[in-house]
Amino acid sequence: MDRRYFLKTSSTFLAATAFPALPALSSEPLASGRVNIPINRGWRYSPRKVEGAEKVEFDDSSFEQVVIPHTNVFLPWHSFDDKTYEFVSTYRRRFKTPPASEGKRIFVDFEGAMTASTVWINGVLLGEYKGGFTPFSFELTSHLRRDGDNVLVVQLDSTERADIPPFGNEIDYLTFGGIYREVALRIVPSVYLDNIFARPKDVLSGKPFLDVDCFLAGRPPAALSLEIELRDGERTLAKSSHSVTANNGSDSDASADPTTSAPVYSSTETINDPLRHTVSLNTIEGIKLWDLENPSLYTVHVRLLLAGHVIDEDLRRIGFREAMFTDHGFSLNGKIVKLRGLDRHQTFPFVGQAMPARVQRRDAIILRKNLHCNIVRTSHYPQSRHFLDCCDEIGLLVLEEIPGWQHIGPEPWKQISIDNVGRMIRRDWNHPSIILWGVRINESRDDHSFYIRTNALAHLLDPTRQTGGIRNFQESEFLEDVFTVNDFGFPLKKPNHPRYLNTEFVGHTFPTKTTDDDERQREHTLRHARIHNQLASDPQYAGGIGWCAFDYNTHSNFGAGDRICYHGVTDIFREPKAAAGFYKSQCDPAEEIVLEPAFHWANSDESTSFTKAVVCSNCDHLKFYMRKDGIDDSQWDLIAELDPDREEFNYLTYPPFILDRRKIPSSERHGWGDLRIDGYLKGKQVISRSLSGRGIDSKFMLLADDTSLVADGADTTRVVLRVTDEFGNIRPFANDPISLKLNGSAELIGDNPFALIGGTGAVWIRAKEQAGKVSLTATHPRLGSQTVEVILTPAIAEGV
């Protein structure tokens with residue numbers, strides 16, 4: 001498509017280039033001209049559409065005081081009606097105009113609010129933003145009071161409005177409600193850095209260079225200059241400067257004519273016309289590449305100067321890597337990497353999407369460190385920047401996609417979707433972990449005109465990355481760079497395009513609960529293993545992303561009878577099912593030696609009696625022992641030795657082990673009792689697991705992910721509850737009510753008492769705003785009490 005034709009026939013490019021990416025927020029000024037001030041505390045909230053609440057003089061003393069991220073209503077972890085959170089609510093925040101803002105421009109930046117946000121400042125309507133997954137901003141400058149309080153008001157419509165993606169038909173997930181991502185004030189000079197895009201070049205040459213696109217908003221009143229530095233920590237690796245005048249910047253195609261179709265934003269949402277100035281840093285030495293094992297990161301610092309004085313400054317974190325899908329697989333820094341990962345919904349029990357940075361980051365750690373995935377797909381929407389930051393830091397690749405699920409709406413709906421492409425890319429284009437933009441509505445029908453535009457915009461904004469578009473039929477028109485497809489059959493369809501990535505499999509075709517019997521746990525595990533075995537058989541399969549990482553809430557016509565899709569390899573609390581062990585086992589033993597039984601050790605937890613023991617391990621040999629209950633360790637009897645099943649799984653580096661108990665000679669089969677599995681590498685025992693055959697709940701455990709939180713009213717950590725056998729294995733039929741007592745300045749997120757599900761579950765501790773110590777005591781009706789302590793450290797004041 002002709003570039004100018006595209007720009008003239010779509011208003012959305014202008015909207016998509018108008019909003020700054022959001023760096024890490026701090027109340028500390030980066031330079032004399034810029035201050036980012038979080039305003040997450042001190043909000044007042046009502047779960048109603050309150051008439052007159054936009055007026056400055058409105059009395060909100062009856063409103064609840066809340067901290068962002070915030071859910072509009074607390075919910076059970078399952079079996080609730082989505083209409084419970086589908087309502088219009090009202091948020092109010094008072095603040096004083098910062099003294100540092102004199103002569104500056106002030107914006108309010110929202111990272112995410114579900115779903116349509118109508119915003120006022122001091123009684124003046126700023127406009128409505130339509131969309132729950134992408135950031136938006138409004139300029140406040142001309143409406144602020146220099147003396148007294150300013151009042152920011154958000155009327156938030158969390159209903160499933162048909163005019164906003166992903167809605168319009170039905171979707172297999174819930175979106176929840178609330179201002180669920182952070183909010184900040186941004187104070188900048190009249191001419192300021194709107195965004196930065198750092199593009200590494202020739203990274204495999206040994207002496208790469210860096211093109212830094214600096215987008216300036218506002219027209220320069222006089223000659224300005226840009227200074228660019230690339231830093232490794234505090235050490236400067238390269239720097240350059242560039243003169244700026246009103247005439248020497250590129251318009252970055254932002255001069256598109258917006259009159260030919262309706263804009264997707266309110267006319268009062270500030271639209272800048274940023275000029276792009278590209279500054280090159282040449283022949284940079286000593287660069288370490290960003291890769292999966294060593295995800296090296298650097299920062300790009302940009303200063304805007306007037307007459308030698310810094311008037312604005314901003315920074316971005318980047319990595320140097322070459323990522324490309326080819327006709328023989330995915331290549332990272334010139335080496336083919338078979339992709340192995342899971343799809344992720346960013347929703348959680350009790351609060352939906354309203355979890356802060358620490359909890360978002362924990363999901364990335366679970367995927368990369370616990371399950372040893374090398375890629376995640378942000379199904380089916382752009383996800384938290386904190387999650388993506390952690391992916392950058394730990395070497396987890398990302399396929400990020402726009403909001404949607406099967407349905408394509410009319411042209412105004414499409415305009416919002418195209419706008420989502422721009423906002424997603426501009427927010428996230430500096431993340432080295434992101435290797436593919438998803439620019440198609442998940443599993444939607446073909447729509448040539450629509451998807452020509454989403455692809456054109458993606459390529460125009462970011463020429464460094466390829467595009468994909470998730471479909472569920474191979475006959476689909478191929479407009480993107482990589483053919484990305486959901487294929488739930490087995491065997492998988494052969495690749496019909498040279499660059500081919502499987503993006504969903506298993507999932508709804510075999511939902512599995514933690515309480516399901518051994519036959520189902522075993523088959524769930526083996527289905528994931530079979531798919532990855534086939535993916536490994538042909539280099540044209542770039543790899544596969546399984547459906548999915550975590551169980552999730554859904555609508556009544558999807559999932560199980562409690563409105564949960566039990567499609568994950570872990571449960572909704574992030575506790576592993578048997579199939580999680582397969583993913584975990586596919587790492588090099590140098591990273592972790594893994595031995596994970598894919599079964600509950602019980603003689604009759606399947607039809608007739610226990611038959612096959614599937615073990616996921618990266619060992620090369622296993623020995624199985626049994627002993628009768630109550631006999632000491634010296635009485636273990638060897639019943640079998642086993643090598644990996646390379647007959648069925650001949651392409652996997654680490655195939656599962658499958659012990660058919662029926663094939664053990666009766667003289668060696670042993671009676672029922674405890675089981676021990678020893679793992680070997682090159683003849684040396686390196687790991688051992690024991691499982692009780694007694695069928696008794698022996699231990700109660702309480703495990704916190706973190707031992708300290710920041711007392712900012714939002715910081716949160718998970719606390720896992722488990723009932724286990726004497727060897728620490730979860731007892732899947734333990735369903736006891738656990739009584740919880742929380743002491744200290746914190747809030748308990750979860751049921752109390754909490755009924756265990758499959759022998760486990762979790763609640764979350766959310767810090768309040770007072771430093772100190774918090775303790776949570778959990779009491780099992782028979783196994784006693786356990787206590788965890790969490791230290792709350794002081795938070796930095798927000799400043800307004």
# chains A, B, ... in the order shown; residues from 1 in each chain; ligands from 1

call {"tool": "residues_around", "arguments": {"residues": "His301 in chain A", "least_positions_apart": "4", "cutoff": "6 Å", "atoms": "only C-alpha atoms", "output": "list of chain:residue names"}}
result
A:Ile228, A:Glu229, A:Leu315

call {"tool": "write_last_selection", "arguments": {"atoms": "C-alpha atoms", "output": "PDB file, in the first residue's frame"}}
result
ATOM      1  CA  ILE A 228      22.422  11.608  23.465  1.00  0.00           C
ATOM      2  CA  GLU A 229      24.349   9.239  25.711  1.00  0.00           C
ATOM      3  CA  LEU A 315      15.686   8.059  29.177  1.00  0.00           C
TER       4      LEU A 315
END

call {"tool": "select_by_dssp", "arguments": {"residues": "range 628-683 of chain A", "states": "alpha helix (DSSP H)", "output": "PyMOL selection string"}}
result
chain A and resi 666-669

call {"tool": "residues_around", "arguments": {"residues": "range 42-57 of chain A", "least_positions_apart": "2", "cutoff": "6 Å", "atoms": "only C-alpha atoms", "output": "list of chain:residue names"}}
result
A:Phe63, A:Glu64, A:Gln65, A:Val66, A:Val88, A:Ser89, A:Thr90, A:Tyr91, A:Arg92, A:Arg93, A:Asn122, A:Gly123, A:Val151, A:Val153

call {"tool": "select_by_dssp", "arguments": {"residues": "range 395-611 of chain A", "states": "strand (DSSP E or B)", "output": "PyMOL selection string"}}
result
chain A and resi 397-401+434-438+466-471+482-486+500-504+506+541-547+550+552-553+564-565+570+576+595-597

call {"tool": "residues_around", "arguments": {"residues": "range 598-612 of chain A", "least_positions_apart": "5", "cutoff": "9 Å", "atoms": "only C-alpha atoms", "output": "PyMOL selection string"}}
result
chain A and resi 516-522+525+577-582+658-662+672+674-675+691-695+729-732

call {"tool": "atom_distance", "arguments": {"atom1": "CA of Ile452 in chain A", "atom2": "CA of Trp413 in chain A"}}
result
15.6 Å

call {"tool": "closest_residue", "arguments": {"among": "A:Asp712, A:Asp157, A:Asp327, A:Asp462", "to": "Ala767 in chain A", "atoms": "only C-alpha atoms"}}
result
A:Asp712

call {"tool": "closest_residue", "arguments": {"among": "A:Ser417, A:Asn618, A:Thr118, A:Thr724", "to": "Phe450 in chain A", "atoms": "only C-alpha atoms"}}
result
A:Ser417
